[in-house]
$ cat my_file.cif   # mmCIF, C-alpha atoms
data_target
#
loop_
_atom_site.label_atom_id
_atom_site.label_comp_id
_atom_site.auth_asym_id
_atom_site.auth_seq_id
_atom_site.Cartn_x
_atom_site.Cartn_y
_atom_site.Cartn_z
CA MET A 1 41.68 83.66 5.82
CA PRO A 2 44.88 84.68 7.66
CA LYS A 3 47.05 81.95 9.09
CA ASN A 4 46.74 80.90 12.71
CA VAL A 5 43.19 82.30 12.96
CA ILE A 6 40.94 80.01 14.97
CA LEU A 7 37.25 79.95 14.09
CA GLN A 8 34.98 81.06 16.92
CA PRO A 9 32.53 78.40 18.12
CA GLU A 10 29.56 80.44 16.83
CA VAL A 11 31.05 80.67 13.33
CA PHE A 12 31.83 76.99 13.31
CA LEU A 13 28.22 76.13 14.28
CA VAL A 14 26.85 78.36 11.53
CA MET A 15 29.08 76.70 8.94
CA LYS A 16 28.10 73.29 10.20
CA ARG A 17 24.41 74.20 9.95
CA LEU A 18 24.85 75.49 6.39
CA LEU A 19 26.55 72.22 5.46
CA GLN A 20 23.63 70.25 6.92
CA VAL A 21 21.13 72.33 4.94
CA LEU A 22 23.17 71.79 1.77
CA VAL A 23 23.12 68.02 2.32
CA VAL A 24 19.33 68.06 2.80
CA VAL A 25 18.85 70.12 -0.38
CA MET A 26 20.98 67.68 -2.35
CA MET A 27 19.04 64.72 -0.98
CA VAL A 28 15.73 66.30 -1.96
CA ALA A 29 17.09 66.97 -5.44
CA VAL A 30 18.09 63.32 -5.82
CA HIS A 31 14.98 61.92 -4.09
CA PRO A 32 12.07 64.23 -4.94
CA VAL A 33 8.67 64.23 -3.27
CA CYS A 34 7.49 61.44 -5.57
CA ALA A 35 9.19 59.12 -3.08
CA GLN A 36 6.03 59.57 -1.05
CA LYS A 37 3.76 56.55 -1.15
CA ILE A 38 0.38 57.05 -2.85
CA GLY A 39 -2.75 55.06 -2.02
CA VAL A 40 -6.18 55.18 -3.64
CA SER A 41 -9.52 54.01 -2.24
CA LEU A 42 -12.44 53.38 -4.62
CA ALA A 43 -15.86 53.44 -2.95
CA GLY A 44 -18.74 51.12 -3.76
CA GLY A 45 -21.74 52.27 -5.77
CA ALA A 46 -22.90 49.51 -8.16
CA ALA A 47 -23.03 50.83 -11.76
CA LEU A 48 -22.01 54.29 -10.57
CA GLY A 49 -18.62 52.77 -9.78
CA TYR A 50 -17.83 52.91 -13.50
CA ALA A 51 -17.06 56.58 -12.80
CA HIS A 52 -13.89 55.40 -11.02
CA LEU A 53 -12.48 54.50 -14.44
CA GLY A 54 -12.66 58.12 -15.57
CA LEU A 55 -11.07 59.29 -12.34
CA LEU A 56 -8.21 56.81 -12.78
CA LYS A 57 -7.69 58.14 -16.30
CA ALA A 58 -7.46 61.68 -14.91
CA MET A 59 -4.89 60.43 -12.39
CA ASP A 60 -2.84 58.83 -15.16
CA GLU A 61 -2.86 62.06 -17.18
CA ALA A 62 -1.84 64.04 -14.09
CA GLY A 63 1.14 61.73 -13.53
CA ILE A 64 -0.25 60.32 -10.28
CA LYS A 65 0.63 56.64 -10.03
CA PRO A 66 -0.68 54.71 -7.01
CA ASP A 67 1.46 52.31 -5.04
CA CYS A 68 -1.58 50.77 -3.39
CA ILE A 69 -5.27 50.46 -4.32
CA VAL A 70 -8.17 49.39 -2.14
CA GLY A 71 -11.80 49.06 -3.15
CA THR A 72 -15.24 47.94 -2.07
CA SER A 73 -17.96 46.47 -4.29
CA MET A 74 -17.70 47.96 -7.83
CA GLY A 75 -14.68 49.87 -6.56
CA ALA A 76 -13.05 46.50 -5.88
CA ILE A 77 -13.81 45.22 -9.41
CA VAL A 78 -12.43 48.37 -11.05
CA GLY A 79 -9.48 48.49 -8.64
CA MET A 80 -8.53 44.86 -9.27
CA LEU A 81 -8.48 45.30 -13.05
CA TYR A 82 -6.46 48.51 -12.80
CA ALA A 83 -4.05 46.86 -10.35
CA ALA A 84 -3.66 44.02 -12.87
CA GLY A 85 -2.17 46.52 -15.32
CA TYR A 86 -5.16 47.32 -17.53
CA SER A 87 -5.62 50.98 -18.47
CA PRO A 88 -8.98 52.67 -17.75
CA GLU A 89 -9.72 52.68 -21.49
CA GLU A 90 -8.95 48.96 -21.77
CA ILE A 91 -11.25 48.20 -18.84
CA LEU A 92 -13.99 50.30 -20.43
CA GLN A 93 -13.67 48.32 -23.65
CA PHE A 94 -13.68 44.99 -21.83
CA ILE A 95 -16.89 46.03 -20.03
CA LYS A 96 -18.51 46.60 -23.42
CA ASP A 97 -17.07 43.43 -24.96
CA GLU A 98 -18.41 41.33 -22.10
CA LYS A 99 -21.77 43.13 -22.19
CA MET A 100 -21.31 44.38 -18.62
CA ASP A 101 -22.58 47.73 -19.87
CA ARG A 102 -26.12 46.40 -19.61
CA LEU A 103 -28.09 44.90 -16.77
CA THR A 104 -28.49 41.57 -18.56
CA GLY A 105 -24.70 41.22 -18.66
CA ILE A 106 -24.58 41.50 -14.86
CA VAL A 107 -27.82 39.81 -13.88
CA ILE A 108 -28.14 36.18 -14.97
CA PHE A 109 -31.32 34.67 -13.57
CA GLY A 110 -32.03 30.95 -13.41
CA GLN A 111 -28.68 30.03 -11.83
CA HIS A 112 -28.39 28.18 -8.55
CA ARG A 113 -28.35 30.79 -5.81
CA THR A 114 -29.03 31.07 -2.09
CA GLY A 115 -29.66 34.22 -0.10
CA GLY A 116 -30.08 36.66 -2.99
CA LEU A 117 -31.91 37.43 -6.20
CA ILE A 118 -28.81 37.19 -8.36
CA SER A 119 -25.83 34.85 -8.47
CA THR A 120 -22.28 36.21 -8.84
CA ASP A 121 -21.11 33.12 -10.75
CA HIS A 122 -21.38 34.72 -14.20
CA ILE A 123 -19.39 37.85 -13.28
CA GLN A 124 -16.78 35.68 -11.57
CA LYS A 125 -16.20 33.66 -14.76
CA VAL A 126 -15.84 36.86 -16.78
CA LEU A 127 -13.27 38.37 -14.41
CA LEU A 128 -11.22 35.15 -14.35
CA LYS A 129 -10.87 35.52 -18.10
CA TYR A 130 -8.98 38.80 -17.59
CA VAL A 131 -7.14 37.95 -14.37
CA PRO A 132 -6.43 34.23 -14.87
CA HIS A 133 -3.64 33.98 -12.28
CA ASN A 134 -6.29 34.76 -9.61
CA ASN A 135 -3.65 35.84 -7.09
CA PHE A 136 -3.22 39.11 -5.20
CA ASP A 137 0.56 38.87 -5.25
CA SER A 138 0.71 38.67 -9.06
CA LEU A 139 -0.87 42.09 -9.59
CA LYS A 140 1.09 45.08 -10.85
CA TYR A 141 0.03 47.25 -7.91
CA ARG A 142 -0.62 46.36 -4.28
CA PHE A 143 -4.35 45.72 -4.01
CA TYR A 144 -6.85 45.11 -1.23
CA CYS A 145 -10.60 44.56 -1.30
CA CYS A 146 -13.01 44.90 1.59
CA SER A 147 -15.69 42.29 2.23
CA PHE A 148 -17.81 41.48 5.28
CA ASN A 149 -17.80 38.13 7.08
CA VAL A 150 -21.40 37.50 8.10
CA ASP A 151 -20.48 34.85 10.70
CA SER A 152 -17.86 36.88 12.56
CA LEU A 153 -19.54 40.25 11.83
CA ARG A 154 -16.14 41.67 10.91
CA PRO A 155 -14.74 43.32 7.78
CA VAL A 156 -11.98 41.49 5.94
CA TYR A 157 -9.32 43.45 4.05
CA LYS A 158 -7.78 40.83 1.78
CA GLY A 159 -4.56 41.72 -0.02
CA GLU A 160 -2.45 38.61 -0.48
CA GLY A 161 -2.57 35.01 -1.60
CA ASP A 162 -4.93 33.11 -3.88
CA GLY A 163 -8.65 33.51 -4.43
CA LEU A 164 -8.39 37.08 -5.74
CA VAL A 165 -11.55 37.04 -7.88
CA LYS A 166 -13.64 35.27 -5.26
CA TYR A 167 -12.78 37.87 -2.62
CA VAL A 168 -13.59 40.65 -5.11
CA MET A 169 -16.93 38.99 -5.78
CA ALA A 170 -17.55 38.78 -2.03
CA SER A 171 -16.78 42.48 -1.79
CA SER A 172 -19.45 43.12 -4.46
CA ALA A 173 -22.24 40.89 -3.09
CA ILE A 174 -24.89 43.45 -2.08
CA PRO A 175 -27.04 41.70 0.55
CA MET A 176 -30.41 40.40 -0.70
CA VAL A 177 -29.51 41.50 -4.23
CA PHE A 178 -26.59 39.13 -4.83
CA SER A 179 -26.05 35.76 -3.22
CA PRO A 180 -23.40 35.64 -0.49
CA VAL A 181 -20.00 34.30 -1.52
CA TRP A 182 -18.80 31.35 0.56
CA ILE A 183 -15.10 31.23 1.45
CA ASP A 184 -13.72 28.62 3.87
CA ASN A 185 -17.27 27.77 4.92
CA ASN A 186 -18.02 31.40 5.84
CA PRO A 187 -20.57 33.61 4.04
CA TYR A 188 -19.23 36.95 2.81
CA VAL A 189 -21.16 39.95 1.50
CA ASP A 190 -20.51 43.48 0.26
CA GLY A 191 -17.86 45.23 2.36
CA GLY A 192 -19.81 48.46 2.11
CA ILE A 193 -21.96 47.25 5.02
CA TYR A 194 -19.05 48.22 7.24
CA ASP A 195 -16.60 50.27 5.17
CA ASN A 196 -17.64 51.57 1.76
CA MET A 197 -14.48 53.64 1.18
CA PRO A 198 -11.73 51.77 3.06
CA ILE A 199 -8.79 53.60 4.60
CA GLN A 200 -7.23 50.94 6.87
CA PRO A 201 -5.11 49.13 4.22
CA LEU A 202 -3.68 52.49 3.09
CA LEU A 203 -2.71 53.27 6.69
CA ASP A 204 -1.22 49.79 7.12
CA GLU A 205 0.82 50.32 3.93
CA LYS A 206 1.99 53.69 5.32
CA CYS A 207 0.71 55.66 2.35
CA ASP A 208 1.66 59.33 2.71
CA VAL A 209 -0.95 60.42 0.16
CA ARG A 210 -4.38 58.82 0.55
CA ILE A 211 -6.88 59.62 -2.21
CA GLY A 212 -10.53 58.67 -1.86
CA SER A 213 -12.92 58.45 -4.82
CA LEU A 214 -16.34 59.01 -3.25
CA LEU A 215 -19.58 58.50 -5.17
CA LEU A 216 -22.34 60.83 -3.99
CA LEU A 217 -25.82 59.34 -3.68
CA GLU A 218 -27.52 62.22 -1.93
CA LYS A 219 -29.78 63.34 -4.78
CA PRO A 220 -33.22 61.69 -5.16
CA GLN A 221 -33.11 59.16 -7.98
CA SER A 222 -35.27 59.63 -11.03
CA LYS A 223 -36.58 56.04 -11.04
CA ARG A 224 -39.46 55.56 -8.60
CA ASP A 225 -40.53 51.95 -9.19
CA ILE A 226 -40.58 49.50 -6.28
CA PHE A 227 -37.40 47.64 -7.28
CA SER A 228 -35.39 50.86 -7.70
CA LEU A 229 -36.51 52.27 -4.37
CA TRP A 230 -35.83 48.94 -2.66
CA VAL A 231 -32.27 48.77 -3.99
CA ARG A 232 -31.61 52.37 -2.93
CA SER A 233 -32.92 51.63 0.57
CA VAL A 234 -30.62 48.59 0.79
CA VAL A 235 -27.49 50.54 -0.15
CA CYS A 236 -28.19 53.77 1.77
CA GLY A 237 -26.62 52.34 4.93
CA PRO A 238 -23.41 51.22 3.19
CA PHE A 239 -23.23 54.57 1.41
CA MET A 240 -23.13 56.41 4.74
CA THR A 241 -20.10 54.37 5.84
CA SER A 242 -18.13 56.18 3.12
CA PHE A 243 -17.98 59.20 5.42
CA LEU A 244 -16.68 57.39 8.51
CA ASN A 245 -12.98 57.87 7.74
CA VAL A 246 -13.00 60.91 5.43
CA GLU A 247 -10.75 62.92 7.76
CA GLN A 248 -7.99 60.31 7.42
CA PHE A 249 -7.70 60.88 3.65
CA THR A 250 -5.39 63.59 2.36
CA ASP A 251 -7.61 64.02 -0.73
CA VAL A 252 -11.24 63.13 -1.39
CA VAL A 253 -12.67 63.51 -4.88
CA MET A 254 -16.45 63.92 -4.72
CA VAL A 255 -17.96 62.33 -7.84
CA ASP A 256 -21.53 63.42 -8.52
CA PRO A 257 -23.28 60.80 -10.73
CA GLU A 258 -25.95 63.38 -11.57
CA GLU A 259 -29.23 61.75 -12.64
CA TYR A 260 -27.87 58.21 -12.99
CA TRP A 261 -29.10 55.29 -10.92
CA LEU A 262 -27.27 52.47 -9.15
CA PHE A 263 -28.25 49.95 -11.85
CA ASP A 264 -27.67 52.21 -14.88
CA PHE A 265 -24.99 49.89 -16.27
CA ASN A 266 -25.83 50.92 -19.85
CA TYR A 267 -24.56 54.45 -19.18
CA VAL A 268 -20.95 53.38 -18.74
CA ASP A 269 -19.59 56.00 -21.18
CA GLU A 270 -21.46 58.81 -19.44
CA LEU A 271 -20.32 57.65 -16.00
CA PHE A 272 -16.74 57.29 -17.25
CA GLN A 273 -16.86 60.92 -18.44
CA ILE A 274 -18.35 62.15 -15.16
CA GLY A 275 -15.51 60.53 -13.22
CA TYR A 276 -12.94 61.88 -15.64
CA GLU A 277 -14.20 65.46 -15.39
CA ALA A 278 -14.35 65.29 -11.58
CA GLY A 279 -10.81 63.91 -11.40
CA LYS A 280 -9.41 66.32 -13.95
CA GLU A 281 -10.80 69.32 -12.08
CA TYR A 282 -9.61 68.09 -8.69
CA PHE A 283 -6.09 67.09 -9.68
CA SER A 284 -5.49 70.30 -11.62
CA THR A 285 -6.94 72.58 -8.93
CA TYR A 286 -6.59 71.10 -5.46
CA TYR A 287 -4.09 68.25 -5.48
CA ILE A 288 -0.63 69.20 -4.17
CA GLY A 289 0.84 65.72 -3.77
CA PRO A 290 3.61 64.05 -5.78
CA ARG A 291 3.46 63.47 -9.52
CA GLN A 292 5.70 61.63 -11.92
#
$ encode --input "my_file.cif" --output "structure tokens"
Amino acid sequence: MPKNVILQPEVFLVMKRLLQVLVVVMMVAVHPVCAQKIGVSLAGGAALGYAHLGLLKAMDEAGIKPDCIVGTSMGAIVGMLYAAGYSPEEILQFIKDEKMDRLTGIVIFGQHRTGGLISTDHIQKVLLKYVPHNNFDSLKYRFYCCSFNVDSLRPVYKGEGDGLVKYVMASSAIPMVFSPVWIDNNPYVDGGIYDNMPIQPLLDEKCDVRIGSLLLLEKPQSKRDIFSLWVRSVVCGPFMTSFLNVEQFTDVVMVDPEEYWLFDFNYVDELFQIGYEAGKEYFSTYYIGPRQ
């Protein structure tokens, strides 16, 4: 450039703009899109919730690591164990080791119970074996579970402090099936009554990517006995709450449990595979969010 030539204001502005763009490009190169915060919500669905394990495996393989997990009912149990640092395969093995892959490993009759057919005491003891610190703040990932306070008629999204396993059990206490869980002299039941696939904790945590794992229960179930139909009628209301906040998720993986029933705990391998296939297809075809 010749000496004593003064840049015109327009040229100076263009050069300034190019410099700004260059700075932005360099920042993106140093801090890629994976800086976005990822949240996952695992819906309730009794035994069908074992499909969440397969979906989490598909997420792991796709390099999608959540910063925050929230769950209701079986989604809360699976979410807590994953947030504690167990891999989906490890959780699957623990389910088999503890005989939670059969109804008799979940349902223990003859215990003291009030307000339900089944007590949650046995499952609570099993979970404490694998998460002995029993504290939300000691988990590897941020974790919330949704339960419903029967006295206040309000949902509770618990994500800090002690009493981790008890709140997860409260989140899983299907009314009339399981006994309510008492916390601070208040009865709590399954959070699916109000919010079966919670979004609020992910919004509070400012998650940019919000993935929902939704279990579909629309197909008629193959089992037609009185108990099976009664359980389905009890959970149909909570199931519909899964759709209340769908538009606030960036991604919703629809998991079709096919012919399996809510209490088909002995089909854990099949449900795991169903969740895995659904997740694998979704994350390889539709997901455009950050990956590691």
$ closest_residue --input "my_file.cif" --among "A:Ala43, A:Val252, A:Val268, A:Ile174" --to "Ile91 in chain A" --atoms "all atoms listed in the file"
A:Val268
$ residues_around --input "my_file.cif" --residues "Asp208 in chain A" --least-positions-apart "4" --cutoff "9 Å" --atoms "all atoms listed in the file" --output "compact mmCIF listing (two decimals) with C-alpha atoms, keeping the file's coordinate frame"
# COMPACT_ATOMS: atom_id res chain seq x y z
CA GLN A 36 6.03 59.57 -1.05
CA LYS A 37 3.76 56.55 -1.15
CA ILE A 38 0.38 57.05 -2.85
CA GLY A 39 -2.75 55.06 -2.02
CA LEU A 202 -3.68 52.49 3.09
CA LEU A 203 -2.71 53.27 6.69
CA THR A 250 -5.39 63.59 2.36
$ resolve_selection --input "my_file.cif" --expression "the PyMOL selection byres ((chain A and resi 62) around 9)" --output "ChimeraX atom specification"
/A:57-61,63-65,280,283-284,291-292
$ atom_distance --input "my_file.cif" --atom1 "CA of Phe148 in chain A" --atom2 "CA of Asp190 in chain A"
6.0 Å
$ residues_near_point --input "my_file.cif" --point "(-20.6, 48.8, 2.7)" --cutoff "12 Å" --atoms "all atoms listed in the file" --output "ChimeraX atom specification"
/A:42-46,71-76,145-149,154-156,170-175,188-198,234-244
$ atom_distance --input "my_file.cif" --atom1 "CA of Asp151 in chain A" --atom2 "CA of Val168 in chain A"
18.2 Å
